[in-house]
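Single-structure report; data block below.
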Amino acid sequence: MSVIIDSHQHVWDLNRAEYAWLGPDAGILHRSIPMEEVLPSFAAAGITGSVLVQSADNDEDTEYMLEVARRSPQVLGVVGYVPLHEPDRAAQRLAELQREPLFCGVRNLIHDRSDPNWLLRDDVDATLGLLEEAGVPFDVVGVLPEHLQAVVAISERHPRLRIVLDHLNKPPIGAADDEPWRSLLARAAENPLVFGKVSGLYSAVGDPADWTVDGIRPVFDHALEVFGPDRLLYGGDWPVSLIAGGYARVFAGIAGLLADLDESERARILAGSAVDFYSLDLALPDSSTAPATDLQEETS
């Protein structure tokens with residue numbers, strides 16, 4: 001059976017956790033969105049597993065995701081929250097989470113913080129050292145050039161820390177110029193332990209749904225050039241993808257980007273890279289012969 005892992009999925013319950021960013025102005029996203037809602041889309045696209053990623057900087061969101069993961073065979077891992085700026089409490093919480101079989105990484109909503117250099121604080125850096133020593137991957141949800149610059153600095157300070165750039169650090173899709181994103185992404189990719197998620201590639205100008213495959217292709221091509229398929233992960237970004245046309249449209253867009261790659265390259269981006277980065281408990285066929293899904297058939 002073909003394997004496709006969505007490395008970037010969310011669920012949230014407004015009654016279980018506080019989501020500071022998820023107010024009435026979030027429109028169609030301002031409601032509780034359970035795992036069950038995405039399953040028909042997963043089935044239609046041939047998704048065989050997913051990684052749940054934190055949506056709030058609190059323990060309650062992480063606990064909710066872990067509960068969902070325990071009862072959902074589709075979920076292969078959970079990227080949770082520890083307070084990076086509180087090293088002592090972070091160490092305690094990290095030890096608790098490491099006892100959870102499905103825990104596979106840490107993320108903080110750095111893009112919602114007013115300080116673009118927050119990741120370079122001494123207290124945050126101390127906790128990143130804990131992640132490095134524990135072998136726990138770190139998701140960076142960056143949106144600014146400073147966030148990519150911070151990844152470069154973190155890579156030098158913590159050379160054994162695995163880092164993945166969520167949504168490729170939000171390239172300026174739809175803008176006239178893609179610098180300094182292009183140059184900084186290449187610098188970050190010089191570290192072989194930095195990966196990138198092919199996810200959330202929506203228009204950065206105007207309506208998030210105003211994107212096309214041709215419009216995002218230069219971004220993908222650049223990411224493929226600097227990371228190679230071995231360090232790119234597919235992510236559907238559901239349910240945020242609802243504001244960009246929905247799961248089927250987003251997956252079809254990724255399918256268009258991958259159509260010219262060979263089977264082994266597609267297999268890496270669609271599954272193998274996620275398994276390696278997050279150390280997921282999933283045996284894959286040899287990457288050179290893995291039968292990647294016929295994307296054109298899946299999305300027709």
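Chain labels A, B, ... are given in the sequence in which chains occur in the structure tokens; within each chain residues are numbered consecutively from 1, and ligands are likewise numbered from 1 in the order shown.
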Applying 9 Å and only C-alpha atoms, which residues near Ile154 in chain A remain after dropping the ones on its own chain fewer than 6 positions away? List them as a PyMOL selection string. chain A and resi 119-120+125+128+161
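Nearest-residue note for Leu52 in chain A: choosing from A:Ile216, A:Val198, A:Val124, A:Val75, the minimum distance belongs to A:Val75, counting only C-alpha atoms.
If you measure from each of A:Pro171, A:Pro87, A:Gly77, A:Gly142 to Phe220 in chain A using only C-alpha atoms, the closest one turns out to be A:Pro171.
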Residues near Phe227 in chain A, anyone? I mean within 10 Å using only C-alpha atoms, not counting same-chain ones fewer than 5 positions away, as a ChimeraX atom specification. /A:185-186,188-192,194-196,221-222,232
DSSP on the backbone, alpha helix (DSSP H) only: what residues of range 82-245 of chain A does that give? Format it as a PyMOL selection string. chain A and resi 87-97+122-134+145-157+181-189+213-227
I need the chosen residues saved as an mmCIF file, in the first residue's frame, with C-alpha atoms.
```cif
data_model
loop_
_atom_site.group_PDB
_atom_site.id
_atom_site.type_symbol
_atom_site.label_atom_id
_atom_site.label_comp_id
_atom_site.auth_asym_id
_atom_site.auth_seq_id
_atom_site.Cartn_x
_atom_site.Cartn_y
_atom_site.Cartn_z
ATOM 1 C CA PRO A 87 14.161 26.343 31.069
ATOM 2 C CA ASP A 88 13.411 24.732 34.440
ATOM 3 C CA ARG A 89 9.718 24.240 33.752
ATOM 4 C CA ALA A 90 10.503 23.228 30.197
ATOM 5 C CA ALA A 91 12.838 20.491 31.438
ATOM 6 C CA GLN A 92 10.134 19.120 33.707
ATOM 7 C CA ARG A 93 7.472 19.210 31.009
ATOM 8 C CA LEU A 94 9.811 17.706 28.430
ATOM 9 C CA ALA A 95 10.487 14.764 30.723
ATOM 10 C CA GLU A 96 6.731 14.221 31.081
ATOM 11 C CA LEU A 97 6.133 14.355 27.338
ATOM 12 C CA ASP A 122 19.488 33.204 26.569
ATOM 13 C CA ASP A 123 16.626 31.455 28.356
ATOM 14 C CA VAL A 124 15.196 30.125 25.091
ATOM 15 C CA ASP A 125 18.640 29.045 23.966
ATOM 16 C CA ALA A 126 19.100 27.058 27.177
ATOM 17 C CA THR A 127 15.929 25.085 26.459
ATOM 18 C CA LEU A 128 16.955 24.499 22.860
ATOM 19 C CA GLY A 129 20.055 22.910 24.321
ATOM 20 C CA LEU A 130 17.793 20.564 26.287
ATOM 21 C CA LEU A 131 16.000 19.577 23.075
ATOM 22 C CA GLU A 132 19.338 18.963 21.397
ATOM 23 C CA GLU A 133 20.572 16.721 24.200
ATOM 24 C CA ALA A 134 17.267 14.825 24.327
ATOM 25 C CA PRO A 145 13.604 37.136 7.753
ATOM 26 C CA GLU A 146 14.736 37.400 11.378
ATOM 27 C CA HIS A 147 13.282 33.965 12.048
ATOM 28 C CA LEU A 148 15.419 32.408 9.311
ATOM 29 C CA GLN A 149 18.437 34.326 10.571
ATOM 30 C CA ALA A 150 17.746 32.875 14.016
ATOM 31 C CA VAL A 151 17.673 29.354 12.570
ATOM 32 C CA VAL A 152 21.120 29.930 11.107
ATOM 33 C CA ALA A 153 22.406 31.081 14.504
ATOM 34 C CA ILE A 154 20.704 28.212 16.353
ATOM 35 C CA SER A 155 22.268 25.743 13.934
ATOM 36 C CA GLU A 156 25.710 27.015 14.911
ATOM 37 C CA ARG A 157 24.988 26.916 18.641
ATOM 38 C CA TRP A 181 13.621 34.821 1.861
ATOM 39 C CA ARG A 182 15.379 33.050 -1.014
ATOM 40 C CA SER A 183 18.908 33.756 0.204
ATOM 41 C CA LEU A 184 18.148 33.099 3.866
ATOM 42 C CA LEU A 185 16.422 29.790 3.123
ATOM 43 C CA ALA A 186 19.545 28.647 1.287
ATOM 44 C CA ARG A 187 21.697 29.637 4.263
ATOM 45 C CA ALA A 188 19.470 27.761 6.695
ATOM 46 C CA ALA A 189 19.521 24.694 4.438
ATOM 47 C CA VAL A 213 0.440 25.940 -8.820
ATOM 48 C CA ASP A 214 2.422 28.095 -11.238
ATOM 49 C CA GLY A 215 2.608 30.814 -8.605
ATOM 50 C CA ILE A 216 4.057 28.568 -5.905
ATOM 51 C CA ARG A 217 6.278 26.516 -8.227
ATOM 52 C CA PRO A 218 9.293 28.889 -8.016
ATOM 53 C CA VAL A 219 9.144 28.639 -4.224
ATOM 54 C CA PHE A 220 8.988 24.856 -4.315
ATOM 55 C CA ASP A 221 11.727 24.610 -6.926
ATOM 56 C CA HIS A 222 14.045 26.719 -4.774
ATOM 57 C CA ALA A 223 13.286 24.622 -1.692
ATOM 58 C CA LEU A 224 13.913 21.453 -3.671
ATOM 59 C CA GLU A 225 17.222 22.845 -4.894
ATOM 60 C CA VAL A 226 18.547 23.795 -1.436
ATOM 61 C CA PHE A 227 17.095 20.934 0.630
#
```
Range 3-76 of chain A: which residues are strand (DSSP E) by DSSP, as an NGL selection string? :A and (5-9 or 49-53 or 75-76)
Please provide as an mmCIF file with C-alpha atoms, in the first residue's frame all residues within 12 Å of range 19-32 of chain A, with the sequence filter that same-chain residues fewer than 4 positions apart are discarded (counting only C-alpha atoms).
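In the end it all went to out-v6.cif:
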```cif
data_model
loop_
_atom_site.group_PDB
_atom_site.id
_atom_site.type_symbol
_atom_site.label_atom_id
_atom_site.label_comp_id
_atom_site.auth_asym_id
_atom_site.auth_seq_id
_atom_site.Cartn_x
_atom_site.Cartn_y
_atom_site.Cartn_z
ATOM 1 C CA HIS A 10 -4.025 20.630 13.579
ATOM 2 C CA VAL A 11 -7.050 19.923 15.729
ATOM 3 C CA TRP A 12 -8.422 22.257 18.359
ATOM 4 C CA ASP A 13 -11.206 22.415 20.909
ATOM 5 C CA LEU A 14 -12.188 25.862 22.181
ATOM 6 C CA ASN A 15 -13.574 24.261 25.325
ATOM 7 C CA GLU A 36 -13.161 13.325 12.484
ATOM 8 C CA GLU A 37 -13.808 16.268 10.183
ATOM 9 C CA GLN A 54 0.455 22.418 18.426
ATOM 10 C CA SER A 55 -1.892 25.350 17.956
ATOM 11 C CA ALA A 56 -1.461 27.102 21.312
ATOM 12 C CA ASP A 57 1.351 27.856 23.738
ATOM 13 C CA ASN A 58 -0.140 25.950 26.638
ATOM 14 C CA ASP A 59 -0.212 22.445 28.068
ATOM 15 C CA GLU A 60 -3.950 22.040 27.539
ATOM 16 C CA ASP A 61 -3.621 22.081 23.744
ATOM 17 C CA THR A 62 -0.872 19.459 23.901
ATOM 18 C CA TYR A 64 -5.875 17.467 23.892
ATOM 19 C CA LEU A 109 4.185 30.111 18.282
ATOM 20 C CA HIS A 111 5.494 34.185 14.878
ATOM 21 C CA ASP A 112 2.939 35.622 17.318
ATOM 22 C CA ARG A 113 5.608 37.166 19.546
ATOM 23 C CA TRP A 238 -5.522 21.455 7.833
ATOM 24 C CA PRO A 239 -7.758 23.121 8.979
ATOM 25 C CA VAL A 240 -5.934 26.391 8.249
ATOM 26 C CA SER A 241 -6.026 25.217 4.631
ATOM 27 C CA LEU A 242 -9.774 25.870 4.683
ATOM 28 C CA ILE A 243 -9.024 29.558 4.084
ATOM 29 C CA ALA A 244 -6.926 28.633 1.052
ATOM 30 C CA GLY A 245 -9.456 26.460 -0.767
ATOM 31 C CA GLY A 246 -9.655 23.361 1.419
#
```
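The smallest atom-to-atom distance between Arg266 in chain A and any of A:Gly236, A:Gly135, A:Gly228, A:Gly206, using only C-alpha atoms, is found for A:Gly228.
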